[in-house]
file start.csv (CSV, C-alpha atoms)
chain,number,residue,atom,x,y,z
A,1,MET,CA,-29.3,143.1,33.7
A,2,ASN,CA,-27.2,144.9,36.4
A,3,LEU,CA,-24.7,147.2,34.8
A,4,GLN,CA,-22.9,149.9,36.7
A,5,ASN,CA,-21.2,152.8,35.0
A,6,GLU,CA,-18.4,154.9,36.3
A,7,THR,CA,-16.3,157.5,34.4
A,8,ARG,CA,-12.6,157.9,35.3
A,9,ASN,CA,-10.1,159.9,33.3
A,10,ASP,CA,-12.5,160.2,30.3
A,11,VAL,CA,-13.0,156.4,30.2
A,12,VAL,CA,-16.5,155.0,30.8
A,13,ILE,CA,-16.2,151.8,32.8
A,14,ILE,CA,-19.1,149.4,32.6
A,15,TYR,CA,-19.1,146.9,35.5
A,16,VAL,CA,-21.1,143.8,34.5
A,17,LYS,CA,-22.6,142.9,37.9
A,18,GLU,CA,-23.9,139.5,36.8
A,19,GLU,CA,-22.6,136.0,37.3
A,20,ARG,CA,-23.5,135.0,33.8
A,21,LEU,CA,-23.2,136.8,30.5
A,22,ASP,CA,-25.3,134.7,28.2
A,23,ALA,CA,-28.0,134.6,25.6
A,24,HIS,CA,-30.5,135.7,28.2
A,25,ASN,CA,-28.9,139.0,29.1
A,26,SER,CA,-26.1,139.8,26.6
A,27,SER,CA,-28.2,141.9,24.3
A,28,GLU,CA,-28.6,144.5,27.1
A,29,LEU,CA,-24.8,144.9,27.3
A,30,LYS,CA,-24.6,145.1,23.6
A,31,SER,CA,-27.2,148.0,23.6
A,32,ALA,CA,-25.6,149.8,26.5
A,33,VAL,CA,-22.2,149.8,24.7
A,34,GLN,CA,-23.7,150.9,21.4
A,35,LYS,CA,-25.5,153.8,23.1
A,36,LEU,CA,-22.3,155.0,24.7
A,37,PHE,CA,-20.5,155.2,21.3
A,38,GLU,CA,-23.6,156.8,19.7
A,39,ASP,CA,-23.6,159.4,22.5
A,40,GLY,CA,-20.0,160.4,21.5
A,41,LYS,CA,-18.0,158.5,24.1
A,42,LYS,CA,-14.7,157.3,22.8
A,43,ASN,CA,-13.2,155.1,25.5
A,44,VAL,CA,-15.2,152.3,27.0
A,45,LEU,CA,-13.9,149.6,29.4
A,46,VAL,CA,-16.0,146.6,30.2
A,47,ASP,CA,-15.0,145.1,33.5
A,48,LEU,CA,-16.0,141.5,33.9
A,49,ARG,CA,-14.8,140.8,37.5
A,50,ASP,CA,-18.2,139.4,38.6
A,51,VAL,CA,-18.8,137.3,35.5
A,52,ARG,CA,-18.1,133.7,36.3
A,53,PHE,CA,-19.6,132.3,33.0
A,54,ILE,CA,-19.8,133.6,29.4
A,55,ASP,CA,-21.3,131.8,26.4
A,56,SER,CA,-21.1,132.5,22.7
A,57,SER,CA,-23.8,135.2,22.9
A,58,GLY,CA,-21.9,137.0,25.6
A,59,LEU,CA,-18.7,136.9,23.5
A,60,GLY,CA,-20.8,138.1,20.5
A,61,ALA,CA,-22.1,141.1,22.5
A,62,LEU,CA,-18.5,142.1,23.2
A,63,VAL,CA,-17.5,141.6,19.6
A,64,SER,CA,-20.4,143.8,18.6
A,65,GLY,CA,-19.2,146.5,21.0
A,66,PHE,CA,-15.6,146.2,19.7
A,67,LYS,CA,-16.9,146.8,16.1
A,68,ASN,CA,-19.0,149.7,17.3
A,69,ALA,CA,-15.9,151.2,18.8
A,70,ILE,CA,-14.0,150.9,15.5
A,71,SER,CA,-16.8,152.4,13.5
A,72,HIS,CA,-16.9,155.4,15.9
A,73,GLN,CA,-13.1,155.8,16.0
A,74,GLY,CA,-13.2,154.8,19.7
A,75,ASN,CA,-11.7,152.1,21.9
A,76,LEU,CA,-13.3,149.2,23.8
A,77,LYS,CA,-11.1,147.2,26.2
A,78,LEU,CA,-11.7,144.5,28.8
A,79,SER,CA,-10.5,144.0,32.3
A,80,SER,CA,-10.6,141.7,35.3
A,81,LEU,CA,-11.5,138.4,33.5
A,82,GLN,CA,-11.9,135.3,35.7
A,83,SER,CA,-9.6,132.5,34.4
A,84,GLN,CA,-12.4,130.3,32.9
A,85,VAL,CA,-13.9,133.3,31.2
A,86,LYS,CA,-10.5,134.2,29.8
A,87,SER,CA,-10.1,130.6,28.5
A,88,MET,CA,-13.3,131.1,26.4
A,89,PHE,CA,-11.6,134.1,24.7
A,90,GLU,CA,-8.6,131.9,24.0
A,91,LEU,CA,-10.7,129.0,22.6
A,92,THR,CA,-12.4,131.3,20.2
A,93,ARG,CA,-9.1,133.3,19.4
A,94,LEU,CA,-10.8,136.5,20.6
A,95,HIS,CA,-7.9,137.1,23.0
A,96,ARG,CA,-6.0,138.2,19.9
A,97,VAL,CA,-8.7,140.8,19.1
A,98,PHE,CA,-9.4,142.4,22.5
A,99,GLU,CA,-7.0,144.2,24.7
A,100,ILE,CA,-7.4,142.5,28.0
A,101,PHE,CA,-6.0,143.8,31.3
A,102,PRO,CA,-5.7,142.1,34.7
A,103,SER,CA,-7.2,145.1,36.6
A,104,THR,CA,-9.4,148.2,36.0
A,105,SER,CA,-6.6,150.6,36.8
A,106,GLU,CA,-4.1,149.0,34.4
A,107,ALA,CA,-6.7,149.2,31.7
A,108,ILE,CA,-7.4,152.9,32.5
A,109,ASP,CA,-3.7,153.7,32.3
A,110,ASN,CA,-3.5,152.1,28.9
A,111,PHE,CA,-6.2,154.4,27.5
A,112,GLN,CA,-4.0,157.4,28.2
B,1,MET,CA,-23.1,109.6,42.1
B,2,ALA,CA,-22.9,105.8,42.7
B,3,GLY,CA,-21.3,103.8,39.9
B,4,ASN,CA,-21.5,106.8,37.5
B,5,SER,CA,-24.7,105.4,35.9
B,6,ILE,CA,-27.6,107.8,35.9
B,7,GLU,CA,-30.1,109.5,33.7
B,8,PHE,CA,-31.8,112.9,33.9
B,9,ASP,CA,-34.8,113.7,31.7
B,10,ILE,CA,-35.6,117.4,32.0
B,11,LYS,CA,-38.3,119.5,30.3
B,12,VAL,CA,-38.1,123.3,30.6
B,13,PRO,CA,-40.0,126.1,28.9
B,14,ASN,CA,-38.1,127.3,25.8
B,15,LYS,CA,-37.1,130.6,27.4
B,16,THR,CA,-33.6,131.9,27.9
B,17,ARG,CA,-34.4,132.6,31.5
B,18,TYR,CA,-34.0,128.9,32.2
B,19,LEU,CA,-30.4,128.7,30.8
B,20,SER,CA,-28.8,129.3,34.1
B,21,LEU,CA,-30.9,126.5,35.7
B,22,ILE,CA,-29.9,124.0,33.0
B,23,GLY,CA,-26.3,125.1,33.1
B,24,LYS,CA,-26.2,124.6,36.9
B,25,ILE,CA,-27.4,121.0,36.5
B,26,GLY,CA,-24.4,120.4,34.3
B,27,GLU,CA,-22.1,122.0,36.9
B,28,ASP,CA,-23.6,119.9,39.7
B,29,ILE,CA,-23.2,116.7,37.8
B,30,ALA,CA,-19.5,117.5,37.2
B,31,ARG,CA,-19.0,117.9,40.9
B,32,GLU,CA,-20.9,114.8,41.9
B,33,LEU,CA,-19.2,112.3,39.6
B,34,ASP,CA,-17.8,109.3,41.5
B,35,ARG,CA,-14.8,108.9,39.3
B,36,TYR,CA,-13.2,111.7,37.4
B,37,GLY,CA,-9.5,112.3,37.1
B,38,GLY,CA,-9.6,115.7,35.4
B,39,ASP,CA,-10.2,119.2,36.8
B,40,ARG,CA,-13.8,119.3,38.0
B,41,ASP,CA,-14.1,123.1,37.9
B,42,THR,CA,-13.1,123.0,34.2
B,43,LEU,CA,-15.5,120.1,33.5
B,44,ALA,CA,-18.3,122.0,35.4
B,45,TYR,CA,-17.8,125.1,33.2
B,46,HIS,CA,-17.7,123.0,30.0
B,47,LEU,CA,-20.9,121.1,30.8
B,48,ASN,CA,-22.6,124.4,31.8
B,49,LEU,CA,-21.5,125.9,28.4
B,50,VAL,CA,-22.5,123.0,26.1
B,51,LEU,CA,-25.9,122.7,27.8
B,52,THR,CA,-26.4,126.5,27.5
B,53,GLU,CA,-25.4,126.6,23.9
B,54,ALA,CA,-27.5,123.5,23.0
B,55,MET,CA,-30.5,124.9,24.7
B,56,VAL,CA,-30.2,128.3,23.0
B,57,ASN,CA,-29.9,126.3,19.7
B,58,ALA,CA,-33.1,124.4,20.5
B,59,ILE,CA,-34.9,127.7,21.5
B,60,LYS,CA,-33.9,129.2,18.1
B,61,HIS,CA,-35.2,126.3,16.2
B,62,ALA,CA,-38.4,125.7,18.1
B,63,GLY,CA,-41.7,125.9,16.2
B,64,PRO,CA,-42.6,129.5,15.7
B,65,ASN,CA,-46.4,129.2,16.3
B,66,GLU,CA,-46.3,127.7,19.7
B,67,PRO,CA,-44.4,129.9,22.0
B,68,GLU,CA,-45.2,127.8,25.1
B,69,LYS,CA,-43.1,124.9,23.9
B,70,LEU,CA,-40.8,122.9,26.0
B,71,VAL,CA,-37.1,122.0,25.4
B,72,ARG,CA,-36.3,118.4,26.4
B,73,ILE,CA,-32.8,117.6,27.6
B,74,VAL,CA,-31.7,114.1,28.5
B,75,ILE,CA,-28.4,113.6,30.2
B,76,SER,CA,-27.2,110.1,30.7
B,77,ILE,CA,-24.0,108.7,32.1
B,78,ILE,CA,-23.2,105.1,31.6
B,79,SER,CA,-19.8,103.9,32.9
B,80,ASP,CA,-17.4,106.7,31.9
B,81,GLU,CA,-19.4,108.1,29.0
B,82,MET,CA,-21.8,111.1,29.1
B,83,THR,CA,-24.4,111.5,26.5
B,84,ILE,CA,-26.5,114.7,26.3
B,85,ARG,CA,-29.5,114.9,23.9
B,86,VAL,CA,-31.4,118.1,23.3
B,87,TYR,CA,-34.7,117.8,21.5
B,88,ASP,CA,-36.4,120.6,19.5
B,89,ASP,CA,-39.4,120.5,17.1
B,90,GLY,CA,-38.4,123.3,14.8
B,91,GLN,CA,-37.2,123.3,11.2
B,92,GLY,CA,-33.9,121.8,12.2
B,93,PHE,CA,-30.6,122.3,10.5
B,94,ASP,CA,-27.6,120.2,9.5
B,95,ILE,CA,-24.7,121.0,11.8
B,96,ASN,CA,-22.3,119.5,9.2
B,97,GLU,CA,-23.2,122.5,7.0
B,98,ILE,CA,-22.2,125.0,9.6
B,99,PRO,CA,-18.7,126.2,8.9
B,100,PRO,CA,-16.2,126.7,11.7
B,101,PRO,CA,-15.9,130.4,12.6
B,102,ASN,CA,-13.6,132.4,10.4
B,103,PHE,CA,-11.1,133.7,13.0
B,104,ASP,CA,-10.0,136.5,10.7
B,105,GLU,CA,-13.5,137.9,10.4
B,106,LEU,CA,-15.1,139.5,13.4
B,107,GLU,CA,-18.6,138.1,13.5
B,108,ASP,CA,-21.1,138.7,16.3
B,109,ARG,CA,-22.5,135.2,15.9
B,110,GLY,CA,-21.6,131.7,14.9
B,111,ARG,CA,-19.4,130.4,17.8
B,112,GLY,CA,-22.0,128.2,19.6
B,113,ILE,CA,-21.6,125.0,17.6
B,114,PHE,CA,-17.9,125.6,17.4
B,115,LEU,CA,-17.7,125.7,21.2
B,116,ILE,CA,-19.8,122.5,21.5
B,117,ARG,CA,-17.6,120.7,19.0
B,118,SER,CA,-14.4,121.9,20.8
B,119,LEU,CA,-15.5,120.7,24.2
B,120,MET,CA,-17.3,117.4,23.4
B,121,ASP,CA,-15.8,114.3,21.8
B,122,SER,CA,-18.6,113.8,19.3
B,123,VAL,CA,-21.6,115.9,18.1
B,124,CYS,CA,-24.3,114.9,15.7
B,125,TYR,CA,-27.8,116.1,14.8
B,126,TRP,CA,-30.6,114.2,13.2
B,127,LYS,CA,-34.2,114.6,12.4
B,128,SER,CA,-36.9,112.1,13.2
B,129,HIS,CA,-40.5,112.5,12.0
B,130,ARG,CA,-41.5,114.5,15.1
B,131,GLU,CA,-38.4,116.3,16.3
B,132,ASN,CA,-34.7,117.1,15.9
B,133,VAL,CA,-32.1,115.8,18.2
B,134,LEU,CA,-28.7,117.3,19.0
B,135,GLU,CA,-26.5,114.5,20.5
B,136,MET,CA,-23.2,115.2,22.3
B,137,LYS,CA,-20.9,112.7,23.8
B,138,LYS,CA,-18.0,113.0,26.1
B,139,LYS,CA,-15.7,110.5,27.9
B,140,LEU,CA,-15.5,111.4,31.6
B,141,ILE,CA,-12.0,110.2,32.4

call {"tool": "encode", "arguments": {"input": "start.csv", "output": "structure tokens"}}
result
Amino acid sequence: MNLQNETRNDVVIIYVKEERLDAHNSSELKSAVQKLFEDGKKNVLVDLRDVRFIDSSGLGALVSGFKNAISHQGNLKLSSLQSQVKSMFELTRLHRVFEIFPSTSEAIDNFQ
Amino acid sequence: MAGNSIEFDIKVPNKTRYLSLIGKIGEDIARELDRYGGDRDTLAYHLNLVLTEAMVNAIKHAGPNEPEKLVRIVISIISDEMTIRVYDDGQGFDINEIPPPNFDELEDRGRGIFLIRSLMDSVCYWKSHRENVLEMKKKLI
């Protein structure tokens, strides 16, 4: 799975450079997020601009990351969701759980 | 897709690396339908998703001792109704016993069947002597 990390203003941004976030690759994202919180990072932003398709396993990996954030007194937020990906969050009511921002920079500002 | 009457009978190895291939077939079908009044991009996503979720389900329930098993997926469209059947030869399970997700509890798992039920008109699962079948139907209007 192609994940690119960047740190800006004490926020680790994970860019998911995949068209699909599904049962084939989502466990790698789950592990990557888990490792960041275990390493002591507090603020993680997952940017989904390149993700055209998400399934229940992809949603589950992000839920896992969100719970990891809580258990480490950290934050996990999302940015740049394509409209059909966002509709899956709405269908599963997860849009009420995650803080979702239209762009990376708006999300970064919100962490401050 | 002339007359909207067609059947695909697909067998793929029960590996998650083939999910995108199967999902893509669903997307292509949505775009090739002769008559469809709804939004094709939305239908394409939904067919991609239900095929992905159903195949993951079949992979999970496949027989444990034979890792080289195949998943069989039959997609048929007759008139304006689509039927997708996904066959697995595992233990099987009764989807009627799967509760809907508890939206107040944050679980990592348990949204796959809910998504299928949300996006298709009817869903059922039965066991025959040799295999289990997940059948999903949707009116394409």

call {"tool": "interface_residues", "arguments": {"input": "start.csv", "of": "chain B", "to": "chain A", "cutoff": "9 Å", "atoms": "only C-alpha atoms", "output": "list in words"}}
result
Lys15, Thr16, Arg17, Tyr18, Leu19, Ser20, Asp41, Thr42, Tyr45, Asn48, Leu49, Val50, Thr52, Glu53, Val56, Pro101, Phe103, Leu106, Glu107, Asp108, Arg109, Gly110, Arg111, Gly112, Phe114, Leu115 and Ser118 of chain B

call {"tool": "write_last_selection", "arguments": {"input": "start.csv", "atoms": "C-alpha atoms", "output": "PDB file, in the frame of the given file"}}
result
ATOM      1  CA  LYS B  15     -37.100 130.600  27.400  1.00  0.00           C
ATOM      2  CA  THR B  16     -33.600 131.900  27.900  1.00  0.00           C
ATOM      3  CA  ARG B  17     -34.400 132.600  31.500  1.00  0.00           C
ATOM      4  CA  TYR B  18     -34.000 128.900  32.200  1.00  0.00           C
ATOM      5  CA  LEU B  19     -30.400 128.700  30.800  1.00  0.00           C
ATOM      6  CA  SER B  20     -28.800 129.300  34.100  1.00  0.00           C
ATOM      7  CA  ASP B  41     -14.100 123.100  37.900  1.00  0.00           C
ATOM      8  CA  THR B  42     -13.100 123.000  34.200  1.00  0.00           C
ATOM      9  CA  TYR B  45     -17.800 125.100  33.200  1.00  0.00           C
ATOM     10  CA  ASN B  48     -22.600 124.400  31.800  1.00  0.00           C
ATOM     11  CA  LEU B  49     -21.500 125.900  28.400  1.00  0.00           C
ATOM     12  CA  VAL B  50     -22.500 123.000  26.100  1.00  0.00           C
ATOM     13  CA  THR B  52     -26.400 126.500  27.500  1.00  0.00           C
ATOM     14  CA  GLU B  53     -25.400 126.600  23.900  1.00  0.00           C
ATOM     15  CA  VAL B  56     -30.200 128.300  23.000  1.00  0.00           C
ATOM     16  CA  PRO B 101     -15.900 130.400  12.600  1.00  0.00           C
ATOM     17  CA  PHE B 103     -11.100 133.700  13.000  1.00  0.00           C
ATOM     18  CA  LEU B 106     -15.100 139.500  13.400  1.00  0.00           C
ATOM     19  CA  GLU B 107     -18.600 138.100  13.500  1.00  0.00           C
ATOM     20  CA  ASP B 108     -21.100 138.700  16.300  1.00  0.00           C
ATOM     21  CA  ARG B 109     -22.500 135.200  15.900  1.00  0.00           C
ATOM     22  CA  GLY B 110     -21.600 131.700  14.900  1.00  0.00           C
ATOM     23  CA  ARG B 111     -19.400 130.400  17.800  1.00  0.00           C
ATOM     24  CA  GLY B 112     -22.000 128.200  19.600  1.00  0.00           C
ATOM     25  CA  PHE B 114     -17.900 125.600  17.400  1.00  0.00           C
ATOM     26  CA  LEU B 115     -17.700 125.700  21.200  1.00  0.00           C
ATOM     27  CA  SER B 118     -14.400 121.900  20.800  1.00  0.00           C
TER      28      SER B 118
END

call {"tool": "residues_around", "arguments": {"input": "start.csv", "residues": "region 124-139 of chain B", "least_positions_apart": "6", "cutoff": "9 Å", "atoms": "all atoms listed in the file", "output": "list in words"}}
result
Val50, Ala54, Ala58, Asp80, Glu81, Met82, Thr83, Ile84, Arg85, Val86, Tyr87, Asp88, Asp89, Gly90, Gln91, Gly92, Phe93, Asp94, Ile95, Asn96, Ile116 and Arg117 of chain B

call {"tool": "atom_distance", "arguments": {"input": "start.csv", "atom1": "CA of Ile6 (chain B)", "atom2": "CA of Ile77 (chain B)"}}
result
5.3 Å

call {"tool": "closest_residue", "arguments": {"input": "start.csv", "among": "B:Leu43, B:Ile98, B:Ala30, B:Ile113", "to": "Met55 (chain B)", "atoms": "all atoms listed in the file"}}
result
B:Ile113

call {"tool": "atom_distance", "arguments": {"input": "start.csv", "atom1": "CA of Pro102 (chain A)", "atom2": "CA of Asn68 (chain A)"}}
result
23.2 Å

call {"tool": "atom_distance", "arguments": {"input": "start.csv", "atom1": "CA of Ala69 (chain A)", "atom2": "CA of Lys42 (chain A)"}}
result
7.4 Å

call {"tool": "closest_residue", "arguments": {"input": "start.csv", "among": "B:Ala44, B:Asp9, B:Val74, B:Pro99", "to": "Gly26 (chain B)", "atoms": "all atoms listed in the file"}}
result
B:Ala44

call {"tool": "axis_aligned_box", "arguments": {"input": "start.csv", "around": "region 27-32 of chain B", "padding_each_side": "4 Å", "output": "JSON"}}
result
{"center_x": -21.3, "center_y": 118.4, "center_z": 39.4, "size_x": 12.6, "size_y": 15.2, "size_z": 13.0}

call {"tool": "residues_around", "arguments": {"input": "start.csv", "residues": "Val46 (chain A)", "least_positions_apart": "3", "cutoff": "10 Å", "atoms": "all atoms listed in the file", "output": "short mmCIF file (atom, residue, chain, number, x, y, z; two decimals) with C-alpha atoms, in the frame of the given file"}}
result
data_model
loop_
_atom_site.label_atom_id
_atom_site.label_comp_id
_atom_site.auth_asym_id
_atom_site.auth_seq_id
_atom_site.Cartn_x
_atom_site.Cartn_y
_atom_site.Cartn_z
CA LEU A 3 -24.70 147.20 34.80
CA ASN A 5 -21.20 152.80 35.00
CA VAL A 12 -16.50 155.00 30.80
CA ILE A 13 -16.20 151.80 32.80
CA ILE A 14 -19.10 149.40 32.60
CA TYR A 15 -19.10 146.90 35.50
CA VAL A 16 -21.10 143.80 34.50
CA LEU A 29 -24.80 144.90 27.30
CA VAL A 33 -22.20 149.80 24.70
CA ARG A 49 -14.80 140.80 37.50
CA LEU A 62 -18.50 142.10 23.20
CA GLY A 65 -19.20 146.50 21.00
CA LEU A 76 -13.30 149.20 23.80
CA LYS A 77 -11.10 147.20 26.20
CA LEU A 78 -11.70 144.50 28.80
CA SER A 79 -10.50 144.00 32.30
CA SER A 80 -10.60 141.70 35.30
CA LEU A 81 -11.50 138.40 33.50
CA ILE A 100 -7.40 142.50 28.00
CA THR A 104 -9.40 148.20 36.00
CA ALA A 107 -6.70 149.20 31.70
#

call {"tool": "closest_residue", "arguments": {"input": "start.csv", "among": "A:Val11, A:Leu48, A:Met1, A:Ile70", "to": "Gln34 (chain A)", "atoms": "only C-alpha atoms"}}
result
A:Ile70
